[in-house]
$ cat target_27.cif   # mmCIF, C-alpha atoms
data_protein
loop_
_atom_site.label_atom_id
_atom_site.label_comp_id
_atom_site.auth_asym_id
_atom_site.auth_seq_id
_atom_site.Cartn_x
_atom_site.Cartn_y
_atom_site.Cartn_z
CA SER S 130 -45.46 7.70 -19.18
CA GLN S 131 -44.76 7.26 -15.49
CA LYS S 132 -45.74 3.89 -14.16
CA ILE S 133 -45.75 2.37 -10.68
CA GLU S 134 -46.21 -1.37 -10.34
CA GLN S 135 -47.09 -3.32 -7.24
CA ASN S 136 -48.09 -6.99 -7.15
CA SER S 137 -51.76 -7.04 -8.03
CA GLU S 138 -52.24 -10.50 -6.58
CA ALA S 139 -52.66 -10.85 -2.84
CA LEU S 140 -49.68 -12.11 -0.89
CA ASN S 141 -50.61 -14.91 1.48
CA ILE S 142 -48.10 -15.89 4.18
CA GLN S 143 -48.05 -17.73 7.48
CA GLU S 144 -47.77 -15.93 10.78
CA GLY S 145 -44.17 -15.51 11.86
CA LYS S 146 -42.77 -15.42 8.34
CA THR S 147 -41.30 -12.39 6.58
CA ALA S 148 -43.52 -10.66 4.04
CA THR S 149 -41.80 -8.93 1.12
CA LEU S 150 -43.71 -6.51 -1.06
CA THR S 151 -42.37 -5.02 -4.28
CA CYS S 152 -42.74 -1.60 -5.83
CA ASN S 153 -41.30 -1.03 -9.30
CA TYR S 154 -41.39 2.25 -11.15
CA THR S 155 -40.58 3.34 -14.69
CA ASN S 156 -40.01 6.70 -16.34
CA TYR S 157 -39.56 8.15 -12.91
CA SER S 158 -36.81 9.69 -10.84
CA PRO S 159 -38.22 9.90 -7.34
CA ALA S 160 -36.48 12.02 -4.78
CA TYR S 161 -37.88 9.70 -2.16
CA LEU S 162 -40.48 7.02 -1.68
CA GLN S 163 -43.16 6.51 0.96
CA TRP S 164 -44.96 3.38 2.09
CA TYR S 165 -48.48 3.43 3.49
CA ARG S 166 -50.84 0.87 4.95
CA GLN S 167 -54.55 0.96 4.18
CA ASP S 168 -57.28 -1.03 5.89
CA PRO S 169 -60.70 -1.53 4.26
CA GLY S 170 -62.89 1.56 4.52
CA ARG S 171 -60.09 3.70 5.98
CA GLY S 172 -57.58 6.21 4.76
CA PRO S 173 -53.93 5.21 4.26
CA VAL S 174 -51.58 5.39 7.23
CA PHE S 175 -47.97 6.47 6.74
CA LEU S 176 -45.35 3.84 7.61
CA LEU S 177 -41.92 4.75 6.29
CA LEU S 178 -40.11 7.18 4.01
CA ILE S 179 -36.81 6.48 2.30
CA ARG S 180 -34.74 9.01 0.38
CA GLU S 181 -32.94 8.38 -2.89
CA ASN S 182 -29.54 8.48 -1.19
CA GLU S 183 -30.58 5.89 1.40
CA LYS S 184 -30.30 2.18 0.69
CA GLU S 185 -32.28 0.91 3.63
CA LYS S 186 -34.55 2.17 6.39
CA ARG S 187 -35.87 0.29 9.41
CA LYS S 188 -38.66 0.84 11.91
CA GLU S 189 -39.41 -1.91 14.41
CA ARG S 190 -40.44 -4.95 12.31
CA LEU S 191 -40.49 -2.96 9.08
CA LYS S 192 -37.65 -2.54 6.59
CA VAL S 193 -37.61 -0.68 3.30
CA THR S 194 -34.93 -0.77 0.63
CA PHE S 195 -34.58 1.58 -2.30
CA ASP S 196 -32.56 0.70 -5.40
CA THR S 197 -32.53 3.61 -7.84
CA THR S 198 -30.59 1.53 -10.37
CA LEU S 199 -33.19 -1.23 -10.45
CA LYS S 200 -35.95 1.38 -9.98
CA GLN S 201 -37.37 -0.72 -7.20
CA SER S 202 -38.30 -0.54 -3.55
CA LEU S 203 -38.85 -3.57 -1.36
CA PHE S 204 -40.93 -3.48 1.81
CA HIS S 205 -40.37 -6.18 4.39
CA ILE S 206 -42.39 -7.10 7.47
CA THR S 207 -40.56 -9.54 9.71
CA ALA S 208 -42.29 -11.86 12.19
CA SER S 209 -45.59 -11.06 10.49
CA GLN S 210 -48.84 -11.19 12.45
CA PRO S 211 -52.49 -11.49 11.36
CA ALA S 212 -52.90 -7.85 12.39
CA ASP S 213 -50.48 -6.93 9.59
CA SER S 214 -53.10 -8.00 7.05
CA ALA S 215 -53.91 -4.93 4.97
CA THR S 216 -53.17 -3.29 1.63
CA TYR S 217 -49.75 -1.68 1.36
CA LEU S 218 -49.22 1.26 -0.97
CA CYS S 219 -45.98 2.66 -2.24
CA ALA S 220 -45.76 6.31 -3.27
CA PRO S 221 -42.69 7.62 -5.07
CA VAL S 222 -42.36 11.39 -4.96
CA SER S 223 -40.83 13.07 -7.96
CA GLY S 224 -38.15 15.62 -7.28
CA GLY S 225 -39.68 17.85 -9.90
CA SER S 226 -43.34 18.07 -8.99
CA TYR S 227 -43.10 16.85 -5.40
CA ILE S 228 -46.50 15.22 -5.83
CA PRO S 229 -46.83 11.74 -4.24
CA THR S 230 -47.98 9.23 -6.85
CA PHE S 231 -49.48 6.08 -5.40
CA GLY S 232 -49.27 2.55 -6.68
CA ARG S 233 -52.45 0.48 -6.58
CA GLY S 234 -51.21 -1.45 -3.60
CA THR S 235 -50.63 -5.07 -2.68
CA SER S 236 -52.96 -6.92 -0.38
CA LEU S 237 -51.16 -8.86 2.36
CA ILE S 238 -52.97 -11.65 4.18
CA VAL S 239 -51.23 -13.21 7.18
CA HIS S 240 -52.69 -16.53 8.21
CA PRO S 241 -52.55 -17.64 11.87
CA LYS F 116 -54.39 15.36 19.03
CA ALA F 117 -57.49 14.97 16.86
CA GLY F 118 -56.95 13.41 13.47
CA VAL F 119 -58.10 14.55 10.05
CA THR F 120 -61.87 14.69 9.83
CA GLN F 121 -63.97 14.59 6.71
CA THR F 122 -67.65 15.28 6.26
CA PRO F 123 -69.91 13.82 5.19
CA ARG F 124 -68.73 10.22 5.36
CA TYR F 125 -71.24 8.98 2.80
CA LEU F 126 -73.06 10.80 0.06
CA ILE F 127 -75.41 9.79 -2.74
CA LYS F 128 -75.95 12.23 -5.57
CA THR F 129 -77.60 12.21 -8.96
CA ARG F 130 -75.75 12.71 -12.21
CA GLY F 131 -75.58 16.40 -13.10
CA GLN F 132 -75.71 17.64 -9.51
CA GLN F 133 -72.83 19.22 -7.67
CA VAL F 134 -71.29 18.26 -4.36
CA THR F 135 -69.09 19.88 -1.73
CA LEU F 136 -66.89 17.84 0.59
CA SER F 137 -65.21 19.18 3.68
CA CYS F 138 -61.91 18.41 5.38
CA SER F 139 -60.53 19.60 8.71
CA PRO F 140 -56.79 18.98 9.00
CA ILE F 141 -54.83 18.20 12.11
CA SER F 142 -54.32 21.30 14.21
CA GLY F 143 -51.20 23.14 13.07
CA HIS F 144 -51.03 21.50 9.67
CA ARG F 145 -51.04 23.96 6.81
CA SER F 146 -51.21 21.63 3.84
CA VAL F 147 -54.32 19.83 2.70
CA SER F 148 -54.28 17.45 -0.25
CA TRP F 149 -57.21 15.74 -1.90
CA TYR F 150 -57.18 12.33 -3.55
CA GLN F 151 -59.69 10.23 -5.44
CA GLN F 152 -59.57 6.47 -4.90
CA THR F 153 -61.33 4.00 -7.21
CA PRO F 154 -60.79 0.27 -7.70
CA GLY F 155 -59.80 0.85 -11.30
CA GLN F 156 -57.39 3.78 -10.97
CA GLY F 157 -56.19 3.50 -7.40
CA LEU F 158 -55.33 6.60 -5.40
CA GLN F 159 -54.99 9.65 -7.62
CA PHE F 160 -53.87 13.12 -6.59
CA LEU F 161 -56.42 15.87 -7.17
CA PHE F 162 -54.82 19.02 -5.72
CA GLU F 163 -53.03 20.46 -2.76
CA TYR F 164 -53.59 23.65 -0.84
CA PHE F 165 -51.05 25.31 1.40
CA SER F 166 -51.75 28.54 3.24
CA GLU F 167 -54.94 29.10 1.22
CA THR F 168 -53.13 28.77 -2.12
CA GLN F 169 -53.34 25.89 -4.55
CA ARG F 170 -49.77 24.60 -4.83
CA ASN F 171 -50.21 21.52 -6.99
CA LYS F 172 -52.89 20.13 -9.24
CA GLY F 173 -53.39 16.64 -10.64
CA ASN F 174 -54.75 15.65 -13.99
CA PHE F 175 -58.47 16.11 -13.39
CA PRO F 176 -61.03 18.20 -15.31
CA GLY F 177 -62.02 21.66 -14.22
CA ARG F 178 -65.22 20.28 -12.70
CA PHE F 179 -63.07 19.44 -9.70
CA SER F 180 -62.13 22.46 -7.65
CA GLY F 181 -61.18 23.27 -4.11
CA ARG F 182 -60.32 25.96 -1.68
CA GLN F 183 -58.70 26.39 1.69
CA PHE F 184 -59.72 28.75 4.44
CA SER F 185 -57.56 30.75 6.81
CA ASN F 186 -57.99 28.10 9.51
CA SER F 187 -56.59 25.50 7.04
CA ARG F 188 -59.93 23.76 6.64
CA SER F 189 -60.54 22.81 3.04
CA GLU F 190 -63.46 22.11 0.78
CA MET F 191 -63.59 20.25 -2.48
CA ASN F 192 -66.32 20.79 -5.03
CA VAL F 193 -67.34 18.65 -7.97
CA SER F 194 -69.80 20.16 -10.40
CA THR F 195 -71.93 18.40 -13.00
CA LEU F 196 -71.40 15.00 -11.46
CA GLU F 197 -70.82 12.00 -13.70
CA LEU F 198 -71.24 8.32 -12.90
CA GLY F 199 -67.47 7.94 -13.08
CA ASP F 200 -67.04 10.35 -10.18
CA SER F 201 -68.25 7.66 -7.80
CA ALA F 202 -65.25 7.08 -5.56
CA LEU F 203 -63.74 7.42 -2.13
CA TYR F 204 -62.44 10.97 -1.74
CA LEU F 205 -59.61 11.24 0.72
CA CYS F 206 -58.15 14.29 2.32
CA ALA F 207 -54.65 14.34 3.80
CA SER F 208 -52.93 16.96 5.89
CA SER F 209 -49.27 17.60 6.57
CA LEU F 210 -47.16 20.21 8.30
CA GLY F 211 -45.34 21.22 5.13
CA LEU F 212 -46.09 20.59 1.51
CA ALA F 213 -47.33 17.06 0.68
CA GLY F 214 -44.25 16.50 -1.41
CA GLY F 215 -41.95 17.49 1.38
CA TYR F 216 -40.11 15.03 3.58
CA GLY F 217 -42.89 14.87 6.13
CA GLU F 218 -45.66 12.36 6.27
CA GLN F 219 -49.25 12.87 5.26
CA TYR F 220 -52.09 12.04 7.61
CA PHE F 221 -55.20 10.82 5.86
CA GLY F 222 -58.79 11.22 6.91
CA PRO F 223 -61.34 8.38 6.73
CA GLY F 224 -62.67 9.62 3.39
CA THR F 225 -66.04 10.49 1.91
CA ARG F 226 -67.70 7.74 -0.08
CA LEU F 227 -69.51 9.42 -2.98
CA THR F 228 -71.97 7.46 -5.07
CA VAL F 229 -73.38 9.05 -8.21
CA THR F 230 -76.56 7.48 -9.61
#

$ encode --input "target_27.cif" --output "structure tokens"
Amino acid sequence: SQKIEQNSEALNIQEGKTATLTCNYTNYSPAYLQWYRQDPGRGPVFLLLIRENEKEKRKERLKVTFDTTLKQSLFHITASQPADSATYLCAPVSGGSYIPTFGRGTSLIVHP
Amino acid sequence: KAGVTQTPRYLIKTRGQQVTLSCSPISGHRSVSWYQQTPGQGLQFLFEYFSETQRNKGNFPGRFSGRQFSNSRSEMNVSTLELGDSALYLCASSLGLAGGYGEQYFGPGTRLTVT
């Protein structure tokens, strides 16, 4: 069955460092993959989308990579700030159903 | 531009009752998707409506249903509520289909508690 794995343990880093979050998927051939940020008690907010034929995508301090061979996407936040503390969700989208399927998310905590 | 709005924000119901949740998408958006979020299962896709037609459906029982009106507003209904239906129900709107290359905009959600 299709499976999406994100680090279940919270990622704690110091302000100014680069945070790297991992999204692994199995039994899946996503046409593209989205990353969202979710704060407690709020709906997810879209951050970035990367297509299967793209290796890397950047937006300000954010960078996403997509390796279809490894079946993995990495999400990087450079020069992290306490305001970046949130849960980050990855959502591969299958080329067949075109339904976004969300991982359970990784909690990021940036310490000042 | 106003964001996605959902009403009510909080709801407490008794097992066996039914509930209707409402979602108003961003103006101009034609797609509305519904998701259920629980600590145990994460964010799960319920269904998507586009131009008043259900385009996709997740793996949920028939007790979960929805509809979309001509103004793109959408409602979700859950009949015969069970304790396990307690969750945050999120609505998301997008210009095109949710699975298209555009982003989804989520509402704040409706927190449903079934006792």

$ resolve_selection --input "target_27.cif" --expression "the PyMOL selection byres ((chain S) within 6 of (chain F))" --output "PDB file with C-alpha atoms, in the frame of the given file"
ATOM      1  CA  ARG S 171     -60.090   3.700   5.980  1.00  0.00           C
ATOM      2  CA  GLY S 172     -57.580   6.210   4.760  1.00  0.00           C
ATOM      3  CA  PRO S 173     -53.930   5.210   4.260  1.00  0.00           C
ATOM      4  CA  TYR S 227     -43.100  16.850  -5.400  1.00  0.00           C
ATOM      5  CA  ILE S 228     -46.500  15.220  -5.830  1.00  0.00           C
ATOM      6  CA  PHE S 231     -49.480   6.080  -5.400  1.00  0.00           C
ATOM      7  CA  ARG S 233     -52.450   0.480  -6.580  1.00  0.00           C
TER       8      ARG S 233
END

$ resolve_selection --input "target_27.cif" --expression "the PyMOL selection byres ((chain S and resi 195) around 8)" --output "list in words"
Ile179, Arg180, Glu181, Glu183, Lys184, Glu185, Val193, Thr194, Asp196, Thr197, Lys200, Gln201, Ser202 and Leu203 of chain S

$ resolve_selection --input "target_27.cif" --expression "the PyMOL selection byres ((chain F and resi 197) around 7)" --output "VMD selection string"
chain F and resid 130 to 131 195 to 196 198 to 200 229

$ atom_distance --input "target_27.cif" --atom1 "atom CA of S:Leu178" --atom2 "atom CA of S:Tyr165"
9.2 Å

$ closest_residue --input "target_27.cif" --among "S:Ile206, S:Asn136, S:Leu218, S:Phe175" --to "S:Thr230" --atoms "only C-alpha atoms"
S:Leu218

$ atom_distance --input "target_27.cif" --atom1 "atom CA of F:Gly211" --atom2 "atom CA of F:Gly181"
18.5 Å

$ atom_distance --input "target_27.cif" --atom1 "atom CA of F:Thr122" --atom2 "atom CA of F:Asn192"
12.6 Å

$ axis_aligned_box --input "target_27.cif" --around "stretch 144-150 of chain F" --padding-each-side "8 Å" --output "JSON"
{"center_x": -54.1, "center_y": 18.1, "center_z": 3.1, "size_x": 22.2, "size_y": 27.6, "size_z": 29.2}

$ closest_residue --input "target_27.cif" --among "S:Asn182, S:Ser223, S:Thr151, S:Gln163" --to "S:Thr198" --atoms "only C-alpha atoms"
S:Asn182

$ residues_around --input "target_27.cif" --residues "F:Thr120" --least-positions-apart "5" --cutoff "7 Å" --atoms "all atoms listed in the file" --output "MDAnalysis selection string"
chainID F and resid 138:140 222

$ write_last_selection --input "target_27.cif" --atoms "C-alpha atoms" --output "PDB file, in the frame of the given file"
ATOM      1  CA  CYS F 138     -61.910  18.410   5.380  1.00  0.00           C
ATOM      2  CA  SER F 139     -60.530  19.600   8.710  1.00  0.00           C
ATOM      3  CA  PRO F 140     -56.790  18.980   9.000  1.00  0.00           C
ATOM      4  CA  GLY F 222     -58.790  11.220   6.910  1.00  0.00           C
TER       5      GLY F 222
END

$ closest_residue --input "target_27.cif" --among "F:Ser137, F:Thr230, F:Ser166, F:Tyr125" --to "F:Asn186" --atoms "only C-alpha atoms"
F:Ser166

$ closest_residue --input "target_27.cif" --among "S:Pro241, S:Ser158, S:Leu140, S:Gly170" --to "S:Ala212" --atoms "all atoms listed in the file"
S:Pro241

$ residues_around --input "target_27.cif" --residues "S:Val222" --least-positions-apart "2" --cutoff "6 Å" --atoms "only C-alpha atoms" --output "ChimeraX atom specification"
/S:159-162,227-229

$ residues_near_point --input "target_27.cif" --point "(-37.6, -6.5, 8.4)" --cutoff "9 Å" --atoms "all atoms listed in the file" --output "PyMOL selection string"
chain S and resi 147-149+187-193+204-208

$ residues_around --input "target_27.cif" --residues "stretch 215-217 of chain S" --least-positions-apart "4" --cutoff "8 Å" --atoms "all atoms listed in the file" --output "number ranges by chain"
S: 164-169, 234-238
